[in-house]
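Colleague: Dropping the structure in here first, questions after.
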Amino acid sequence: MYSPAHLAECRLEVMHGLMKSHPLAALVTLTSEGIDANHIPMHLSEHIQPYGVLQGHVARANPVWNAFKPEFEALAIFQGPDAYISPAWYAAKKETGKVVPTWNYITVHAYGTLQIHDDPIWLRSELEHLVNDHESNFEEPWQISDAPEEYIQKMMEAIVGIEIVITRLVGKWKISQNQSASDQQRVGIALKHVGSSKSNAMADLIPQIELFPG
């Protein structure tokens, strides 16, 4: 990923934060037929040093688990808030007209060797972690044990576990760092006026630019 120094985010805790808050990853693998991509929710476990491990599962009918080339790295892409940035929001629009549109976004690329788990004990543990992650904020969180055990066993037979021990992480935070403080403020206000969830999330990031040094 192209990432100029002033946009690079290298702090592990910040990258992990994005991966946990936006867990739906685009998993990119190489097969004999070319590049393949699948969108899979991944659970990040931080206890494996130095970068952590990603765990998830796919449908057994999905060829991703037996068609990938294990000698090549897999790539999991985590995408955070993004937003279109209009040149009309910059002071230079009126002063010189020398402005063009751009796109703000934050993302993390996680690399590692894809490993397959077809063991029901491993798979049950992964499912418990994934469910607990996403049910914990609900008033009445659903648990796997709420469903009949024979039904769960049947569902588990239709999936395969996947794991990536992360060997390198690349983070990129493109949030108007190259603009003046006054233009950053204008962009933040304009994004709030757009009013979408993504534009609001990006607007909230811009005042934190000093917390994301390149």
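Going by the structure tokens order, chains are called A, B, ..., each with residues numbered from 1, while ligands are numbered from 1 in the order shown.
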If you take only C-alpha atoms and a cut-off of 7 Å, which residues of range 63-178 of chain A touch range 39-58 of chain A, and what are their nearest atom pairs and distances in Å to one decimal, in chain and number order, as a Markdown table?
Modeller:
| residue | atom | partner | partner_atom | distance |
| --- | --- | --- | --- | --- |
| A:Glu126 | CA | A:Gly56 | CA | 6.7 |
| A:Leu130 | CA | A:His43 | CA | 5.9 |
| A:Ile159 | CA | A:Val58 | CA | 5.5 |
| A:Val160 | CA | A:His57 | CA | 5.4 |
| A:Gly161 | CA | A:His57 | CA | 4.2 |
| A:Ile162 | CA | A:Gly56 | CA | 5.3 |
| A:Glu163 | CA | A:Gln55 | CA | 4.5 |
| A:Ile164 | CA | A:Leu54 | CA | 5.1 |
| A:Val165 | CA | A:Val53 | CA | 4.4 |
| A:Ile166 | CA | A:Val53 | CA | 5.5 |
| A:Thr167 | CA | A:Tyr51 | CA | 6.7 |
| A:Arg168 | CA | A:Tyr51 | CA | 6.9 |
Colleague: Could you give me, as a list of chain:residue names, the residues within 7 Å of Ile106 in chain A, counting only C-alpha atoms and dropping anything in the same chain fewer than 4 positions from it?
Modeller: A:Gln79, A:Gly80, A:Pro81, A:Asp82, A:Lys172, A:Trp173, A:Lys174
Colleague: Please produce an output containing C-alpha atoms for each residue in the selection, written as a compact mmCIF listing (two decimals), in the first residue's frame.
Modeller:
# COMPACT_ATOMS: atom_id res chain seq x y z
CA GLN A 79 -11.39 -0.32 6.53
CA GLY A 80 -12.44 2.44 8.94
CA PRO A 81 -14.39 5.65 8.28
CA ASP A 82 -14.01 7.25 4.84
CA LYS A 172 -2.66 4.54 6.87
CA TRP A 173 -4.62 7.47 8.30
CA LYS A 174 -5.47 9.96 5.51
Colleague: Closest to Leu127 in chain A among A:Gln153, A:Asn104, A:Thr31, A:Gln185, using only C-alpha atoms?
Modeller: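 Under the stated criterion, the closest residue is A:Gln153.
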Colleague: I'd like to know which residues of chain A are strand (DSSP E) (by DSSP, run on the backbone); could you write them as a ChimeraX atom specification?
Modeller: /A:8-9,24-31,34-41,43-45,53-59,74-85,102-117,159-174
Colleague: With only C-alpha atoms as the counted atoms, please give the residues lying no more than 10 Å from Pro101 in chain A, apart from itself and same-chain residues fewer than 5 positions off, as a short mmCIF file (atom, residue, chain, number, x, y, z; two decimals) with C-alpha atoms, in the first residue's frame.
Modeller:
data_model
loop_
_atom_site.label_atom_id
_atom_site.label_comp_id
_atom_site.auth_asym_id
_atom_site.auth_seq_id
_atom_site.Cartn_x
_atom_site.Cartn_y
_atom_site.Cartn_z
CA TYR A 84 -15.33 12.34 -0.04
CA ILE A 85 -13.66 15.72 0.44
CA SER A 86 -14.90 18.53 -1.82
CA PRO A 87 -12.45 21.19 -3.04
CA ALA A 88 -15.18 23.74 -2.32
CA TRP A 89 -14.36 23.33 1.37
#
Colleague: If DSSP is run on the backbone, what residues of range 2-195 of chain A are alpha helix (DSSP H)? A reply as a CSV table (one decimal) with N, CA and C atoms, in the first residue's frame would be ideal.
Modeller:
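Final file, out20.csv:
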chain,number,residue,atom,x,y,z
A,12,LEU,N,0.9,0.2,17.3
A,12,LEU,CA,0.2,-1.1,17.3
A,12,LEU,C,-1.2,-0.9,18.0
A,13,GLU,N,-1.3,-0.1,19.1
A,13,GLU,CA,-2.5,0.0,19.8
A,13,GLU,C,-3.6,0.7,18.9
A,14,VAL,N,-3.1,1.7,18.1
A,14,VAL,CA,-4.1,2.4,17.2
A,14,VAL,C,-4.6,1.5,16.1
A,15,MET,N,-3.6,0.7,15.5
A,15,MET,CA,-4.1,-0.2,14.4
A,15,MET,C,-5.0,-1.3,15.0
A,16,HIS,N,-4.6,-1.8,16.1
A,16,HIS,CA,-5.5,-2.8,16.7
A,16,HIS,C,-6.9,-2.3,17.0
A,17,GLY,N,-6.9,-1.0,17.5
A,17,GLY,CA,-8.2,-0.4,17.8
A,17,GLY,C,-9.1,-0.4,16.6
A,18,LEU,N,-8.5,0.0,15.4
A,18,LEU,CA,-9.4,0.0,14.2
A,18,LEU,C,-9.8,-1.4,13.8
A,19,MET,N,-8.9,-2.4,13.9
A,19,MET,CA,-9.2,-3.8,13.6
A,19,MET,C,-10.4,-4.3,14.5
A,20,LYS,N,-10.4,-3.9,15.7
A,20,LYS,CA,-11.4,-4.4,16.6
A,20,LYS,C,-12.7,-3.7,16.5
A,21,SER,N,-12.7,-2.4,16.1
A,21,SER,CA,-13.9,-1.6,15.9
A,21,SER,C,-14.5,-1.8,14.6
A,64,VAL,N,-12.2,-20.7,-0.6
A,64,VAL,CA,-11.0,-20.0,-0.1
A,64,VAL,C,-10.1,-20.8,0.8
A,65,TRP,N,-10.7,-21.8,1.6
A,65,TRP,CA,-10.0,-22.5,2.6
A,65,TRP,C,-9.1,-23.6,2.0
A,66,ASN,N,-9.4,-24.1,0.8
A,66,ASN,CA,-8.6,-25.1,0.2
A,66,ASN,C,-8.0,-24.8,-1.2
A,67,ALA,N,-8.2,-23.5,-1.6
A,67,ALA,CA,-7.7,-23.2,-3.0
A,67,ALA,C,-6.6,-22.2,-2.9
A,92,ALA,N,-8.6,28.0,-0.6
A,92,ALA,CA,-8.0,28.3,-1.9
A,92,ALA,C,-9.0,28.2,-3.1
A,93,LYS,N,-10.2,27.6,-2.8
A,93,LYS,CA,-11.2,27.6,-3.9
A,93,LYS,C,-11.6,29.0,-4.3
A,94,LYS,N,-11.7,29.9,-3.4
A,94,LYS,CA,-12.0,31.3,-3.8
A,94,LYS,C,-10.8,32.1,-4.1
A,95,GLU,N,-9.7,31.7,-3.5
A,95,GLU,CA,-8.5,32.5,-3.6
A,95,GLU,C,-7.8,32.3,-5.0
A,120,PRO,N,-13.3,-29.3,15.6
A,120,PRO,CA,-14.5,-28.8,16.3
A,120,PRO,C,-14.2,-28.0,17.6
A,121,ILE,N,-13.2,-28.4,18.3
A,121,ILE,CA,-12.8,-27.7,19.6
A,121,ILE,C,-12.3,-26.4,19.3
A,122,TRP,N,-11.4,-26.3,18.3
A,122,TRP,CA,-10.8,-24.9,17.9
A,122,TRP,C,-12.0,-24.1,17.4
A,123,LEU,N,-12.8,-24.7,16.5
A,123,LEU,CA,-13.9,-23.9,15.9
A,123,LEU,C,-14.9,-23.4,16.9
A,124,ARG,N,-15.2,-24.2,17.9
A,124,ARG,CA,-16.2,-23.8,18.9
A,124,ARG,C,-15.6,-22.6,19.7
A,125,SER,N,-14.3,-22.7,20.0
A,125,SER,CA,-13.7,-21.6,20.7
A,125,SER,C,-13.7,-20.3,19.9
A,126,GLU,N,-13.4,-20.4,18.6
A,126,GLU,CA,-13.5,-19.2,17.8
A,126,GLU,C,-14.9,-18.6,17.7
A,127,LEU,N,-15.9,-19.5,17.6
A,127,LEU,CA,-17.2,-19.0,17.5
A,127,LEU,C,-17.6,-18.3,18.8
A,128,GLU,N,-17.2,-18.8,20.0
A,128,GLU,CA,-17.5,-18.2,21.3
A,128,GLU,C,-16.9,-16.8,21.4
A,129,HIS,N,-15.6,-16.7,20.9
A,129,HIS,CA,-15.0,-15.4,21.0
A,129,HIS,C,-15.7,-14.4,20.1
A,130,LEU,N,-16.1,-14.8,18.9
A,130,LEU,CA,-16.7,-13.9,17.9
A,130,LEU,C,-18.1,-13.5,18.4
A,131,VAL,N,-18.9,-14.4,18.9
A,131,VAL,CA,-20.2,-14.1,19.5
A,131,VAL,C,-20.1,-13.2,20.7
A,132,ASN,N,-19.2,-13.5,21.6
A,132,ASN,CA,-19.0,-12.7,22.8
A,132,ASN,C,-18.6,-11.2,22.4
A,133,ASP,N,-17.7,-11.1,21.4
A,133,ASP,CA,-17.3,-9.8,21.0
A,133,ASP,C,-18.5,-8.9,20.6
A,134,HIS,N,-19.4,-9.5,19.8
A,134,HIS,CA,-20.4,-8.7,19.2
A,134,HIS,C,-21.7,-8.7,19.9
A,135,GLU,N,-21.9,-9.6,20.9
A,135,GLU,CA,-23.1,-9.6,21.7
A,135,GLU,C,-23.0,-8.9,23.0
A,149,GLU,N,-28.1,-27.8,21.0
A,149,GLU,CA,-26.7,-28.3,20.7
A,149,GLU,C,-26.6,-29.1,19.4
A,150,GLU,N,-27.6,-29.9,19.1
A,150,GLU,CA,-27.5,-30.7,17.8
A,150,GLU,C,-27.6,-29.7,16.6
A,151,TYR,N,-28.3,-28.6,16.8
A,151,TYR,CA,-28.4,-27.6,15.7
A,151,TYR,C,-27.1,-27.0,15.5
A,152,ILE,N,-26.4,-26.6,16.6
A,152,ILE,CA,-25.1,-25.9,16.6
A,152,ILE,C,-24.1,-26.9,15.9
A,153,GLN,N,-24.1,-28.2,16.3
A,153,GLN,CA,-23.2,-29.1,15.7
A,153,GLN,C,-23.4,-29.2,14.2
A,154,LYS,N,-24.6,-29.2,13.8
A,154,LYS,CA,-24.9,-29.3,12.4
A,154,LYS,C,-24.4,-28.1,11.6
A,155,MET,N,-24.6,-26.9,12.2
A,155,MET,CA,-24.1,-25.6,11.6
A,155,MET,C,-22.6,-25.6,11.6
A,156,MET,N,-21.9,-26.2,12.6
A,156,MET,CA,-20.5,-26.2,12.6
A,156,MET,C,-19.9,-27.1,11.6
A,181,ALA,N,-4.5,24.3,9.3
A,181,ALA,CA,-5.4,24.1,10.4
A,181,ALA,C,-6.8,24.7,10.1
A,182,SER,N,-6.8,25.8,9.4
A,182,SER,CA,-8.1,26.5,9.1
A,182,SER,C,-8.9,25.6,8.1
A,183,ASP,N,-8.2,25.0,7.1
A,183,ASP,CA,-8.9,24.2,6.2
A,183,ASP,C,-9.3,22.9,6.8
A,184,GLN,N,-8.5,22.4,7.7
A,184,GLN,CA,-9.0,21.2,8.5
A,184,GLN,C,-10.3,21.5,9.2
A,185,GLN,N,-10.4,22.6,9.8
A,185,GLN,CA,-11.6,23.0,10.5
A,185,GLN,C,-12.8,23.1,9.6
A,186,ARG,N,-12.5,23.7,8.4
A,186,ARG,CA,-13.6,23.8,7.4
A,186,ARG,C,-14.1,22.5,6.9
A,187,VAL,N,-13.1,21.6,6.7
A,187,VAL,CA,-13.5,20.2,6.2
A,187,VAL,C,-14.3,19.5,7.3
A,188,GLY,N,-13.9,19.6,8.6
A,188,GLY,CA,-14.6,19.0,9.6
A,188,GLY,C,-16.1,19.5,9.7
A,189,ILE,N,-16.2,20.8,9.6
A,189,ILE,CA,-17.6,21.4,9.7
A,189,ILE,C,-18.4,21.0,8.5
A,190,ALA,N,-17.8,21.0,7.3
A,190,ALA,CA,-18.6,20.5,6.1
A,190,ALA,C,-19.0,19.1,6.2
A,191,LEU,N,-18.1,18.2,6.7
A,191,LEU,CA,-18.5,16.8,6.9
A,191,LEU,C,-19.6,16.6,7.8
A,192,LYS,N,-19.6,17.4,8.9
A,192,LYS,CA,-20.8,17.4,9.8
A,192,LYS,C,-22.1,17.8,9.1
A,193,HIS,N,-22.0,18.8,8.2
A,193,HIS,CA,-23.2,19.2,7.5
A,193,HIS,C,-23.6,18.1,6.5
A,194,VAL,N,-22.7,17.3,6.0
A,194,VAL,CA,-23.1,16.2,5.2
A,194,VAL,C,-24.1,15.3,6.0
Colleague: Looking at A:Leu30, A:Ala8, A:Ile175, A:Leu114, which one is nearest to Lys69 in chain A, with distances taken over only C-alpha atoms?
Modeller: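 Among the listed residues, the smallest separation from Lys69 in chain A belongs to A:Leu30.
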Colleague: Here is a test: counting only C-alpha atoms, which residue of A:Gln143, A:Val170, A:Pro207, A:Pro148 is nearest to Glu9 in chain A?
Modeller: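 Using only C-alpha atoms, Glu9 in chain A sits closest to A:Val170.
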Colleague: Which is closer to Trp103 in chain A than all the others in A:Met202, A:Ala91, A:Ala76, A:Ala158, using only C-alpha atoms?
Modeller: A:Met202
